[in-house]
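Next up, work_30.cif (mmCIF, C-alpha atoms and all ligand atoms):
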data_upload
loop_
_atom_site.label_atom_id
_atom_site.label_comp_id
_atom_site.auth_asym_id
_atom_site.auth_seq_id
_atom_site.Cartn_x
_atom_site.Cartn_y
_atom_site.Cartn_z
CA MET A 270 78.05 -13.26 79.75
CA SER A 271 77.40 -11.52 76.45
CA PHE A 272 75.74 -8.17 75.99
CA ASP A 273 74.70 -6.14 72.98
CA PRO A 274 77.15 -3.21 72.91
CA GLY A 275 74.46 -0.90 71.60
CA HIS A 276 72.16 -1.71 74.47
CA THR A 277 71.74 0.67 77.39
CA SER A 278 72.69 -1.05 80.62
CA THR A 279 70.28 -0.84 83.54
CA LEU A 280 72.95 -2.11 85.92
CA ASP A 281 75.27 0.81 86.34
CA GLY A 282 74.52 3.83 84.22
CA PRO A 283 75.02 4.24 80.49
CA VAL A 284 77.09 1.79 78.48
CA VAL A 285 80.38 3.08 77.11
CA PRO A 286 81.43 1.72 73.69
CA SER A 287 84.25 -0.81 73.78
CA THR A 288 86.69 1.33 71.74
CA PRO A 289 89.60 2.67 73.85
CA ALA A 290 88.45 5.62 75.95
CA PRO A 291 90.12 9.03 75.40
CA ARG A 292 92.74 9.98 77.94
CA GLY A 293 90.47 12.44 79.78
CA THR A 294 87.74 9.81 80.14
CA ARG A 295 90.22 7.27 81.48
CA TRP A 296 91.47 9.79 84.04
CA ARG A 297 87.94 10.70 85.14
CA ARG A 298 87.12 7.02 85.47
CA ALA A 299 90.21 6.41 87.64
CA VAL A 300 89.30 9.35 89.90
CA ALA A 301 85.73 8.04 90.23
CA THR A 302 87.11 4.59 91.08
CA VAL A 303 89.26 5.96 93.88
CA ARG A 304 86.35 8.05 95.19
CA ARG A 305 84.34 4.83 95.33
CA TRP A 306 86.71 3.53 98.00
CA ILE A 307 84.99 6.01 100.30
CA ASP A 308 81.61 6.83 98.75
CA THR A 309 79.99 3.96 96.84
CA ASP A 310 77.34 6.31 95.42
CA THR A 311 79.98 7.94 93.17
CA GLN A 312 78.59 7.60 89.67
CA ALA A 313 80.75 6.22 86.86
CA PRO A 314 79.61 4.81 83.51
CA LEU A 315 79.81 1.03 83.15
CA ASP A 316 82.21 0.09 80.36
CA GLU A 317 80.69 -3.13 79.01
CA ALA A 318 84.05 -4.22 77.57
CA ARG A 319 85.50 -4.27 81.11
CA ALA A 320 82.37 -4.97 83.15
CA ASP A 321 83.26 -8.59 83.88
CA ARG A 322 87.01 -8.12 84.32
CA ILE A 323 88.65 -7.60 87.70
CA ASP A 324 88.88 -3.89 88.54
CA TRP A 325 92.37 -3.95 90.09
CA LEU A 326 92.39 -0.28 91.06
CA ARG A 327 89.07 -0.29 92.91
CA THR A 328 89.75 -3.61 94.62
CA SER A 329 93.38 -2.92 95.55
CA PRO A 330 92.51 -2.27 99.25
CA PHE A 331 90.83 -5.70 99.36
CA ILE A 332 93.90 -7.30 97.77
CA ALA A 333 96.16 -5.36 100.16
CA MET A 334 94.16 -6.82 103.06
CA HIS A 335 95.24 -10.30 101.92
CA LEU A 336 98.88 -9.25 101.55
CA ALA A 337 98.81 -7.65 105.02
CA CYS A 338 98.32 -11.13 106.52
CA ILE A 339 101.97 -11.85 105.65
CA ALA A 340 102.89 -9.34 108.36
CA VAL A 341 102.31 -12.13 110.95
CA LEU A 342 105.96 -12.97 110.19
CA TRP A 343 107.06 -9.68 111.74
CA VAL A 344 104.48 -8.89 114.42
CA GLY A 345 104.62 -12.30 116.10
CA VAL A 346 101.74 -13.96 117.91
CA SER A 347 100.27 -14.17 121.40
CA PRO A 348 97.32 -16.04 122.96
CA VAL A 349 95.39 -12.81 123.44
CA ALA A 350 95.78 -11.85 119.75
CA LEU A 351 94.54 -15.30 118.69
CA ILE A 352 91.56 -15.09 121.07
CA VAL A 353 90.60 -11.67 119.69
CA ALA A 354 91.00 -12.91 116.09
CA ALA A 355 88.75 -15.93 116.81
CA ALA A 356 86.17 -13.74 118.56
CA MET A 357 86.13 -11.27 115.65
CA TYR A 358 85.58 -14.19 113.27
CA ALA A 359 82.72 -15.66 115.36
CA ILE A 360 80.86 -12.40 116.04
CA ARG A 361 81.04 -11.29 112.41
CA MET A 362 80.21 -14.72 110.98
CA PHE A 363 77.08 -14.68 113.15
CA ALA A 364 76.20 -11.15 111.96
CA LEU A 365 76.60 -12.26 108.33
CA THR A 366 74.71 -15.54 108.57
CA ALA A 367 71.95 -14.50 110.98
CA PHE A 368 71.42 -10.94 109.76
CA TYR A 369 72.94 -10.27 106.33
CA HIS A 370 71.66 -13.63 105.08
CA ARG A 371 68.70 -14.96 107.09
CA TYR A 372 67.27 -11.56 108.09
CA PHE A 373 68.08 -8.94 105.43
CA SER A 374 68.10 -11.27 102.42
CA HIS A 375 65.35 -13.72 103.39
CA LYS A 376 63.29 -12.14 106.20
CA THR A 377 63.09 -15.38 108.17
CA PHE A 378 62.56 -13.65 111.53
CA ARG A 379 61.74 -10.22 112.90
CA THR A 380 63.57 -7.81 115.15
CA SER A 381 63.63 -4.19 116.27
CA ARG A 382 65.03 -1.35 114.19
CA ALA A 383 67.82 -0.86 116.74
CA MET A 384 68.87 -4.52 116.67
CA GLN A 385 68.68 -4.53 112.88
CA PHE A 386 71.13 -1.60 112.82
CA VAL A 387 73.52 -3.06 115.41
CA PHE A 388 73.95 -6.28 113.42
CA ALA A 389 74.09 -4.42 110.10
CA LEU A 390 76.98 -2.45 111.61
CA ILE A 391 78.80 -5.60 112.76
CA GLY A 392 78.18 -7.21 109.35
CA ALA A 393 79.52 -4.11 107.60
CA SER A 394 82.82 -4.50 109.46
CA SER A 395 83.41 -7.77 107.55
CA VAL A 396 84.60 -6.11 104.28
CA GLN A 397 81.71 -7.76 102.42
CA ARG A 398 80.11 -4.43 101.50
CA GLY A 399 76.94 -3.02 103.08
CA PRO A 400 73.76 -4.91 104.01
CA LEU A 401 71.72 -3.65 101.02
CA TRP A 402 74.43 -4.59 98.52
CA TRP A 403 74.83 -8.04 100.09
CA ALA A 404 71.10 -8.77 100.24
CA ALA A 405 70.44 -7.49 96.69
CA HIS A 406 73.12 -9.75 95.21
CA HIS A 407 72.01 -12.68 97.30
CA ARG A 408 68.40 -12.27 96.19
CA ASN A 409 69.69 -12.29 92.60
CA HIS A 410 71.52 -15.53 93.37
CA HIS A 411 68.29 -17.24 94.48
CA ARG A 412 66.22 -15.74 91.69
CA HIS A 413 68.62 -16.70 88.88
CA THR A 414 70.55 -19.66 90.36
CA GLU A 415 72.97 -21.32 87.88
CA THR A 416 72.10 -18.95 85.02
CA ALA A 417 74.17 -16.14 83.47
CA LEU A 418 72.34 -13.68 85.76
CA ASP A 419 73.47 -15.54 88.89
CA PRO A 420 76.37 -13.41 90.15
CA HIS A 421 78.35 -16.43 91.38
CA SER A 422 77.43 -19.77 89.85
CA PRO A 423 80.43 -22.17 89.65
CA SER A 424 78.80 -24.17 86.84
CA VAL A 425 78.21 -21.04 84.70
CA HIS A 426 81.15 -18.79 85.62
CA GLY A 427 83.77 -21.28 86.84
CA PHE A 428 85.07 -21.96 90.33
CA LEU A 429 87.42 -19.02 90.91
CA ARG A 430 84.99 -16.45 89.63
CA SER A 431 82.15 -17.87 91.78
CA HIS A 432 84.44 -17.79 94.84
CA VAL A 433 85.99 -14.34 94.57
CA GLY A 434 86.28 -13.02 90.99
CA TRP A 435 82.68 -11.81 90.65
CA PHE A 436 83.04 -9.65 93.74
CA LEU A 437 85.92 -7.74 92.14
CA THR A 438 84.25 -6.81 88.82
CA PRO A 439 82.62 -3.47 87.93
CA ARG A 440 79.35 -5.27 87.12
CA ALA A 441 78.96 -6.43 90.72
CA PHE A 442 79.77 -3.04 92.25
CA ARG A 443 76.47 -1.20 92.34
CA THR A 444 73.81 -1.83 94.99
CA GLU A 445 70.62 -2.73 93.12
CA LEU A 446 68.19 -0.86 95.37
CA GLU A 447 65.26 -2.05 93.27
CA ARG A 448 65.97 -5.56 94.64
CA VAL A 449 65.75 -4.42 98.28
CA PRO A 450 62.99 -1.76 98.56
CA ASP A 451 62.01 -3.19 101.95
CA LEU A 452 65.52 -2.42 103.29
CA ALA A 453 66.20 0.78 101.34
CA ARG A 454 63.45 2.59 103.24
CA PHE A 455 65.71 2.74 106.32
CA PRO A 456 68.00 5.78 105.93
CA GLU A 457 70.50 4.43 108.48
CA LEU A 458 70.99 1.26 106.42
CA ARG A 459 71.45 3.30 103.24
CA VAL A 460 74.15 5.42 104.90
CA LEU A 461 75.90 2.26 106.09
CA ASP A 462 75.69 0.83 102.60
CA ARG A 463 76.94 3.99 100.94
CA TYR A 464 80.03 4.47 103.14
CA ASP A 465 80.80 0.79 103.51
CA THR A 466 84.56 1.22 103.92
CA LEU A 467 84.21 3.38 107.01
CA VAL A 468 83.16 0.64 109.45
CA PRO A 469 86.05 -1.77 108.71
CA VAL A 470 88.54 1.12 108.92
CA LEU A 471 87.17 2.12 112.34
CA LEU A 472 87.33 -1.49 113.52
CA ALA A 473 90.95 -1.81 112.37
CA ALA A 474 91.84 1.41 114.21
CA ALA A 475 90.05 0.21 117.37
CA LEU A 476 91.93 -3.11 117.29
CA PHE A 477 95.25 -1.30 116.89
CA GLY A 478 94.31 0.89 119.87
CA LEU A 479 93.36 -2.16 121.95
CA GLY A 480 96.70 -3.83 121.24
CA ALA A 481 98.65 -0.66 122.06
CA LEU A 482 96.69 -0.27 125.31
CA LEU A 483 97.33 -3.87 126.35
CA GLN A 484 101.01 -3.49 125.57
CA ARG A 485 101.13 -0.56 127.97
CA LEU A 486 98.85 -1.86 130.73
CA ALA A 487 99.60 -5.60 130.57
CA PRO A 488 102.97 -6.13 128.87
CA GLN A 489 103.05 -9.75 130.11
CA LEU A 490 100.39 -10.58 127.46
CA GLY A 491 103.03 -10.08 124.77
CA THR A 492 100.87 -8.18 122.33
CA SER A 493 101.10 -4.82 120.56
CA GLY A 494 99.03 -2.50 118.39
CA SER A 495 100.41 -3.87 115.14
CA GLN A 496 100.07 -7.51 116.27
CA MET A 497 96.43 -7.00 117.24
CA LEU A 498 95.75 -5.19 113.96
CA VAL A 499 97.25 -7.98 111.86
CA TRP A 500 95.63 -10.92 113.70
CA GLY A 501 92.37 -9.31 114.88
CA PHE A 502 91.61 -7.51 111.65
CA PHE A 503 93.61 -8.64 108.60
CA VAL A 504 93.87 -12.38 109.30
CA SER A 505 90.43 -12.69 110.89
CA THR A 506 88.69 -10.72 108.09
CA THR A 507 90.48 -12.57 105.29
CA VAL A 508 89.63 -15.99 106.75
CA LEU A 509 86.06 -14.81 107.41
CA PHE A 510 85.70 -13.68 103.80
CA HIS A 511 86.92 -16.96 102.29
CA ALA A 512 84.85 -19.05 104.72
CA THR A 513 81.71 -17.08 103.80
CA VAL A 514 82.17 -17.39 100.05
CA THR A 515 82.76 -21.16 100.16
CA ILE A 516 78.97 -21.24 100.19
CA ASN A 517 78.93 -19.62 96.74
CA SER A 518 81.66 -21.88 95.36
CA LEU A 519 82.17 -25.19 97.25
CA ALA A 520 78.55 -25.56 98.48
CA HIS A 521 77.43 -25.62 94.84
CA ARG A 522 79.94 -28.42 94.05
CA TYR A 523 80.71 -30.75 96.98
CA GLY A 524 78.23 -32.50 99.24
CA LYS A 525 74.93 -34.34 99.24
CA ARG A 526 71.66 -33.37 97.61
CA ARG A 527 68.66 -34.17 99.76
CA PHE A 528 66.25 -32.20 97.60
CA ASP A 529 65.94 -32.23 93.80
CA THR A 530 66.37 -28.48 93.36
CA GLN A 531 66.89 -26.82 89.96
CA ASP A 532 70.42 -25.80 91.00
CA ASP A 533 73.64 -27.56 92.08
CA SER A 534 73.39 -26.70 95.79
CA ARG A 535 74.76 -29.27 98.28
CA ASN A 536 74.61 -30.11 101.98
CA ASN A 537 78.11 -30.21 103.43
CA LEU A 538 78.89 -30.72 107.12
CA TRP A 539 82.40 -29.19 106.98
CA LEU A 540 81.12 -26.02 105.34
CA ALA A 541 78.25 -25.91 107.86
CA LEU A 542 80.78 -26.01 110.71
CA ILE A 543 82.97 -23.14 109.45
CA THR A 544 79.99 -20.99 108.42
CA PHE A 545 77.81 -21.65 111.48
CA GLY A 546 75.15 -23.59 109.57
CA GLU A 547 75.19 -22.17 106.04
CA GLY A 548 76.70 -25.37 104.64
CA TRP A 549 73.26 -27.02 104.61
CA HIS A 550 72.89 -25.19 101.34
CA ASN A 551 70.72 -27.68 99.46
CA ASN A 552 68.20 -27.46 102.30
CA HIS A 553 68.38 -23.69 102.05
CA HIS A 554 67.87 -23.54 98.28
CA PHE A 555 64.91 -25.87 98.54
CA TYR A 556 63.20 -23.79 101.20
CA PRO A 557 64.91 -20.42 101.92
CA GLY A 558 61.90 -19.16 103.90
CA THR A 559 62.84 -20.76 107.22
CA VAL A 560 65.26 -19.44 109.82
CA ARG A 561 66.84 -22.92 110.01
CA GLN A 562 69.31 -24.32 107.50
CA GLY A 563 70.01 -27.57 109.33
CA PHE A 564 66.68 -29.36 108.87
CA ARG A 565 67.49 -32.45 110.96
CA TRP A 566 68.42 -32.40 114.66
CA TRP A 567 71.96 -33.60 113.87
CA GLU A 568 72.59 -30.95 111.20
CA ILE A 569 74.64 -28.52 113.28
CA ASP A 570 73.42 -24.96 112.72
CA LEU A 571 75.11 -22.61 115.20
CA THR A 572 73.41 -19.53 113.75
CA TYR A 573 69.99 -21.04 114.44
CA TYR A 574 70.96 -21.90 118.02
CA GLY A 575 72.24 -18.34 118.48
CA LEU A 576 68.96 -16.94 117.16
CA ARG A 577 67.01 -19.21 119.53
CA VAL A 578 68.99 -17.74 122.45
CA MET A 579 68.35 -14.21 121.15
CA ALA A 580 64.63 -15.05 120.91
CA LEU A 581 64.65 -16.24 124.55
CA LEU A 582 66.17 -12.89 125.50
CA GLY A 583 63.46 -11.07 123.52
CA LEU A 584 65.91 -9.60 121.00
CA VAL A 585 64.39 -11.30 117.92
CA HIS A 586 60.99 -12.88 117.34
CA ASP A 587 58.75 -14.71 114.85
CA LEU A 588 61.40 -17.23 113.83
CA LYS A 589 59.92 -18.95 110.77
CA PRO A 590 59.83 -22.76 111.19
CA ILE A 591 60.24 -25.51 108.56
CA PRO A 592 56.80 -26.36 107.14
CA ALA A 593 55.73 -30.01 107.46
CA TRP A 594 55.47 -30.51 103.68
CA VAL A 595 59.21 -29.76 103.27
CA ALA A 596 60.25 -32.87 105.21
CA ALA A 597 57.97 -34.99 102.99
CA ARG A 598 59.92 -33.89 99.88
CA ALA A 599 63.32 -35.01 101.24
CA LYS A 600 64.98 -37.89 99.37
CA ALA A 601 66.58 -39.38 102.52
ZN ZN A 701 73.49 -20.94 96.57
ZN ZN A 702 70.04 -17.53 100.73
#

Would you mind writing the file out in structure tokens?
Amino acid sequence: MSFDPGHTSTLDGPVVPSTPAPRGTRWRRAVATVRRWIDTDTQAPLDEARADRIDWLRTSPFIAMHLACIAVLWVGVSPVALIVAAAMYAIRMFALTAFYHRYFSHKTFRTSRAMQFVFALIGASSVQRGPLWWAAHHRNHHRHTETALDPHSPSVHGFLRSHVGWFLTPRAFRTELERVPDLARFPELRVLDRYDTLVPVLLAAALFGLGALLQRLAPQLGTSGSQMLVWGFFVSTTVLFHATVTINSLAHRYGKRRFDTQDDSRNNLWLALITFGEGWHNNHHFYPGTVRQGFRWWEIDLTYYGLRVMALLGLVHDLKPIPAWVAARAKA
């Protein structure tokens, strides 16, 4: 991506010239970066020279989360820790695919304000930032697919950057509220988005507490606070993250194209299985307005089945179907 250094950025405050910053400025920037771990509204000027490079300081907790997975070597494993890790993966994957993606980003069904908040909260525990940030970037992805303005296009930015690199740059940090005015009008969602580190930290603490409690009350289960923290939070969240972002990277490279879309999106069964239906990505890019991503009966879409069950229970409603004309445009 190239930018005119004299141009004022609309992304993240004023542009700072690319000459080395004075010591005081560098210090202030580092303090602002650390404050952003807690409060994402902390203002800091966007240095265009560094805007597309990985911000190691700000993203060090995210990198530490990966390194913490190595602790499985010391904490050991137990069936109960694996069950909790799998459950944490499944519940949060559903919150991300059904709510962060199909509800907040695309509005493909309706629900109550309470239910919207509950699933925003579960989604926020996934270390994928808040719901407004996620939806704003995803709307940019659909609006600018495979162009320089697409935050994560493998054909424009390369595979690694589309998978994880973009997420770690200063340019991707800010929540573009102008992209999500329909969501920004809910103060509870804005608070969740602003303090997006809080929810994962509370979840990690709760999982440690659960493990410590089980160790005391049911020692035969062979678990502990640290074991539950490592498997239930660090391993589960890291795997969840990489599974989710395969849709940004692999689902724009590997698979079949049923529809002649303007982008490189693909339909991929394996990705659909690990992401509960999101792997039918070519379907989704062709028609993002439906709650379904598997368009054929055999295209497994666990998120859609889950939403059907929620609709039967009266928790969600107005699930948008696939229009008849869409099927007529399929190549096979
Ligand atoms: Zn895509
Ligand atoms: Zn989408």

For this session: Please provide as an MDAnalysis selection string all residues within 12 Å of Ile339 (chain A), with the sequence filter that same-chain residues fewer than 2 positions apart are discarded (counting all atoms listed in the file).
Result: chainID A and resid 333:337 341:345 496 499:500 503:504 507

List every residue of chain A that has an atom at most 8 Å from any atom of ligand ZN 702 (chain A), and for each one report the closest atom pair and its distance in Å to one decimal, counting all atoms listed in the file, with rows sorted by chain and then by increasing residue number, as CSV.
residue,atom,partner,partner_atom,distance
A:His370,CA,A:ZN702,ZN,6.1
A:Arg371,CA,A:ZN702,ZN,7.0
A:Ser374,CA,A:ZN702,ZN,6.8
A:His375,CA,A:ZN702,ZN,6.6
A:His407,CA,A:ZN702,ZN,6.3
A:Arg408,CA,A:ZN702,ZN,7.1
A:His410,CA,A:ZN702,ZN,7.8
A:His411,CA,A:ZN702,ZN,6.5
A:His553,CA,A:ZN702,ZN,6.5
A:His554,CA,A:ZN702,ZN,6.8
A:Pro557,CA,A:ZN702,ZN,6.0

Just C-alpha atoms for this one: save the residues we selected as a PDB file, keeping the file's coordinate frame.
ATOM      1  CA  HIS A 370      71.660 -13.630 105.080  1.00  0.00           C
ATOM      2  CA  ARG A 371      68.700 -14.960 107.090  1.00  0.00           C
ATOM      3  CA  SER A 374      68.100 -11.270 102.420  1.00  0.00           C
ATOM      4  CA  HIS A 375      65.350 -13.720 103.390  1.00  0.00           C
ATOM      5  CA  HIS A 407      72.010 -12.680  97.300  1.00  0.00           C
ATOM      6  CA  ARG A 408      68.400 -12.270  96.190  1.00  0.00           C
ATOM      7  CA  HIS A 410      71.520 -15.530  93.370  1.00  0.00           C
ATOM      8  CA  HIS A 411      68.290 -17.240  94.480  1.00  0.00           C
ATOM      9  CA  HIS A 553      68.380 -23.690 102.050  1.00  0.00           C
ATOM     10  CA  HIS A 554      67.870 -23.540  98.280  1.00  0.00           C
ATOM     11  CA  PRO A 557      64.910 -20.420 101.920  1.00  0.00           C
TER      12      PRO A 557
END

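The smallest atom-to-atom distance between Arg527 (chain A) and any of A:Ala596, A:Leu365, A:Val470, A:Ile569, using only C-alpha atoms, is found for A:Ala596.
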
Seminar exercise, completed: Here CA of Gly563 (chain A) and CA of Gly548 (chain A) stand apart by 8.5 Å

For this session: Kindly provide, as an NGL selection string, all nucleotide and amino acid residues lying within 12 Å of ligand ZN 701 (chain A), counting all atoms listed in the file.
Result: :A and (370 or 406-416 or 419-424 or 431-432 or 513-522 or 530-536 or 547-557)

Exercise. CA of Phe442 (chain A) and CA of Gln385 (chain A) are how many Å apart?
Worked result: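 If I compute the distance from CA of Phe442 (chain A) to CA of Gln385 (chain A), I get 23.5 Å.
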
Problem set entry | Option closest in space to Thr309 (chain A), from A:Arg430, A:Arg448, A:Arg322, A:Arg443 [counting all atoms listed in the file] |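 For Thr309 (chain A), the nearest of the candidates is A:Arg443.
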
Problem set entry | Residues near region 570-581 of chain A, cut-off 8 Å, only C-alpha atoms, skip fewer than 3 positions along chain, as a ChimeraX atom specification | /A:363,366-367,541-542,545-547,560-563,584-586

Residues as selected, C-alpha atoms, written as a JSON list (two decimals), in the frame of the given file, can you do that?
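As a result, out.json now contains:
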[["chain", "number", "residue", "atom", "x", "y", "z"],
["A", 363, "PHE", "CA", 77.08, -14.68, 113.15],
["A", 366, "THR", "CA", 74.71, -15.54, 108.57],
["A", 367, "ALA", "CA", 71.95, -14.50, 110.98],
["A", 541, "ALA", "CA", 78.25, -25.91, 107.86],
["A", 542, "LEU", "CA", 80.78, -26.01, 110.71],
["A", 545, "PHE", "CA", 77.81, -21.65, 111.48],
["A", 546, "GLY", "CA", 75.15, -23.59, 109.57],
["A", 547, "GLU", "CA", 75.19, -22.17, 106.04],
["A", 560, "VAL", "CA", 65.26, -19.44, 109.82],
["A", 561, "ARG", "CA", 66.84, -22.92, 110.01],
["A", 562, "GLN", "CA", 69.31, -24.32, 107.50],
["A", 563, "GLY", "CA", 70.01, -27.57, 109.33],
["A", 584, "LEU", "CA", 65.91, -9.60, 121.00],
["A", 585, "VAL", "CA", 64.39, -11.30, 117.92],
["A", 586, "HIS", "CA", 60.99, -12.88, 117.34]]

Exercise. How far is it from CA of Ile332 (chain A) to CA of Tyr523 (chain A), in Å with one decimal?
Worked result: 26.9 Å

Exercise. Hey, which of A:Val387, A:Leu482, A:Ala417, A:Tyr372 ends up closest to Gly558 (chain A)? Count all atoms listed in the file.
Worked result: A:Tyr372

Problem set entry | Counting only C-alpha atoms, the residue of A:Phe528, A:Thr438, A:Leu582, A:Leu538 that sits nearest Ala597 (chain A) | A:Phe528

Exercise. So, counting all atoms listed in the file, which residue among A:Glu568, A:Leu401, A:Pro439, A:Leu418 is closest to Asp316 (chain A)?
Worked result: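 Ranking A:Glu568, A:Leu401, A:Pro439, A:Leu418 by distance to Asp316 (chain A), first place goes to A:Pro439.
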
Contacts between region 300-308 of chain A and region 391-420 of chain A, please, where a residue of region 391-420 of chain A counts if it comes within 12 Å (with all atoms listed in the file); show its shortest atom pair and distance in Å to one decimal, rows by chain and ascending number, as JSON lines.
{"residue": "A:Val396", "atom": "CA", "partner": "A:Trp306", "partner_atom": "CA", "distance": 11.7}
{"residue": "A:Arg398", "atom": "CA", "partner": "A:Trp306", "partner_atom": "CA", "distance": 10.9}
{"residue": "A:Gly399", "atom": "CA", "partner": "A:Asp308", "partner_atom": "CA", "distance": 11.7}

Problem set entry | Minimum-distance residue to Gly480 (chain A), chosen among A:Ala320, A:His511, A:His426, A:Val349 (using all atoms listed in the file) |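 The shortest atom-to-atom distance to Gly480 (chain A) comes from A:Val349.
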
For this session: Write out as a PyMOL selection string which residues come within 8 Å of Ala364 (chain A) when counting all atoms listed in the file, dropping same-chain ones fewer than 5 positions away.
Result: chain A and resi 369+388-389+391-392
